[in-house]
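Step one of this worksheet: look at the structure below.
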Amino acid sequence: MINISAGDQQRIDDYVARFEQMNDAEARARHEEIIAKTEAEYAEFVRAFNEGDCYLCHHPIASFSTQRPCLHWLLKPKGFKKKHIVEVANHYDFFQLQSYLRWVANQQAFATNINDLSEEGTGGKLVELTIRYKNLEWSLSCGETDFRGHEHSQNANFPHYHLQMRLDGRPFIDFNDYHLRFSIQDIARFEAKRRLPDKIRHQFPFGWGMSDVINESTLEALINAKKENDDGGEAISFDTLIVADEGTTISGEQLYELFEKAKREKVTIASLASEIPNASVQVAVGAGPDVVEQAPRTAQNRGKKSTDS
Ligand SMILES: [Zn+2]
Ligand SMILES: [Zn+2]
């Protein structure tokens, strides 16, 4: 059970029911409507951002006033203290907050500043990702018990998430400093996805991260893509495992030729690996060295962990 009032539960049930009743055409129309609306909002965001202004409060990004809680506070204007994060979370939905950070991150580099790959996380969480912009890094985390509300807690028995913020690689806000409240709209969106997994996907248009770049539908294209340049950054890493069939061996010469050919033709080794006879090939595609690392929220952040299990 999620620890919310019966009235809120009803609102959430109604919200999910509306999706459930939608046919494909209606769902598509709604999707297109959201994309168009988001596109307009994003254009507004970029225009203001490039001028150093905030498109939400219409004040400079470097400005701070306790009178005007705003998402741009996350960019650490002078005067912003960590306790102020609670005000930000109370004024903005979690999805809005995440979307904002994703947009900011993509102003510096496409997708590589957003590590939302589930295989890089600690696993089993509703939310787990790290977002970076220049010297700022934010990590968002929500596990099952956070989402329901910590049952026996006095100050965290409501649906919430945790946020870590680093400045120049140093801690500024720790995961366990605050329990940031989800709005009812947030909870409804999580519930819709949970109850209608085939119908609902959470997307962040223009806030695309590594999970949009690397996923089942992109794998083949990634492996077969030509490399644009050898130097410079790498957003994607390929680990290719070539195993000789039993009773056969692969010569060093064969491997050398494979590497040379990949270099010459500017293709991945993975795309050529099947040319080696009598061998099986496994390719693991993951985030490359350019991608921000996920900052895990682990038990060590909560002080000493008991060893009983
Ligand atoms: Zn603002
Ligand atoms: Zn919690």
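Starting from 1 in every chain, residues are counted up; chains themselves are A, B, ... following the order of the structure tokens, and ligands are numbered from 1 as listed.
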Could you give me, as CSV, every chain A residue with an atom at most 10 Å from ligand 1, plus its closest atom pair and distance in Å to one decimal, counting only C-alpha atoms and all ligand atoms, rows ordered by chain then number?
residue,atom,partner,partner_atom_place_in_ligand_line,distance
A:Asp53,CA,ligand 1,1 (Zn),7.6
A:Cys54,CA,ligand 1,1 (Zn),4.5
A:Tyr55,CA,ligand 1,1 (Zn),6.5
A:Leu56,CA,ligand 1,1 (Zn),4.9
A:Cys57,CA,ligand 1,1 (Zn),4.0
A:His58,CA,ligand 1,1 (Zn),6.2
A:His59,CA,ligand 1,1 (Zn),6.0
A:Pro60,CA,ligand 1,1 (Zn),7.3
A:Ile61,CA,ligand 1,1 (Zn),6.3
A:Ala62,CA,ligand 1,1 (Zn),9.2
A:Ser63,CA,ligand 1,1 (Zn),8.2
A:Phe64,CA,ligand 1,1 (Zn),8.5
A:Ser65,CA,ligand 1,1 (Zn),9.8
A:Arg68,CA,ligand 1,1 (Zn),7.8
A:Pro69,CA,ligand 1,1 (Zn),7.5
A:Cys70,CA,ligand 1,1 (Zn),4.6
A:Leu71,CA,ligand 1,1 (Zn),5.7
A:His72,CA,ligand 1,1 (Zn),4.5
A:Trp73,CA,ligand 1,1 (Zn),6.9
A:Leu74,CA,ligand 1,1 (Zn),9.5
A:Leu75,CA,ligand 1,1 (Zn),9.8
Residues of segment 33-66 of chain A at most 9 Å from segment 96-105 of chain A: nearest atom pair and distance in Å, only C-alpha atoms, as JSON lines:
{"residue": "A:Tyr42", "atom": "CA", "partner": "A:Trp103", "partner_atom": "CA", "distance": 7.9}
{"residue": "A:Phe45", "atom": "CA", "partner": "A:Trp103", "partner_atom": "CA", "distance": 8.3}
{"residue": "A:Val46", "atom": "CA", "partner": "A:Trp103", "partner_atom": "CA", "distance": 8.5}
{"residue": "A:Phe49", "atom": "CA", "partner": "A:Val104", "partner_atom": "CA", "distance": 8.4}
Could you pull out the helix (DSSP H, G or I) residues of segment 92-248 of chain A, going by DSSP on the backbone, and write them as a ChimeraX atom specification? /A:94-106,118-120,144-148,175-177,184-195,210-213,219-224
Near-ligand residues for ligand 2, threshold 9 Å, only C-alpha atoms and all ligand atoms, as JSON, numbers by chain: {"A": [141, 142, 143, 144, 145, 146, 147, 149, 150, 156, 157, 158, 159, 160, 161, 162, 175, 176, 178, 179, 180]}
Exercise: Asp245 of chain A partners within 7 Å, only C-alpha atoms, chain neighbours under 4 positions left out, as an MDAnalysis selection string: chainID A and resid 278:280
Contacts of Ile223 of chain A within 7 Å, only C-alpha atoms, excl. fewer than 6 positions in-chain, as a list in words: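 The contact residues come out as Thr268, Ala270 and Ser271 of chain A.
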Just asking: which residues within segment 24-189 of chain A are strand (DSSP E) according to DSSP, as a ChimeraX atom specification? /A:114-115,127-133,136-142,160-167,170-173,180-181
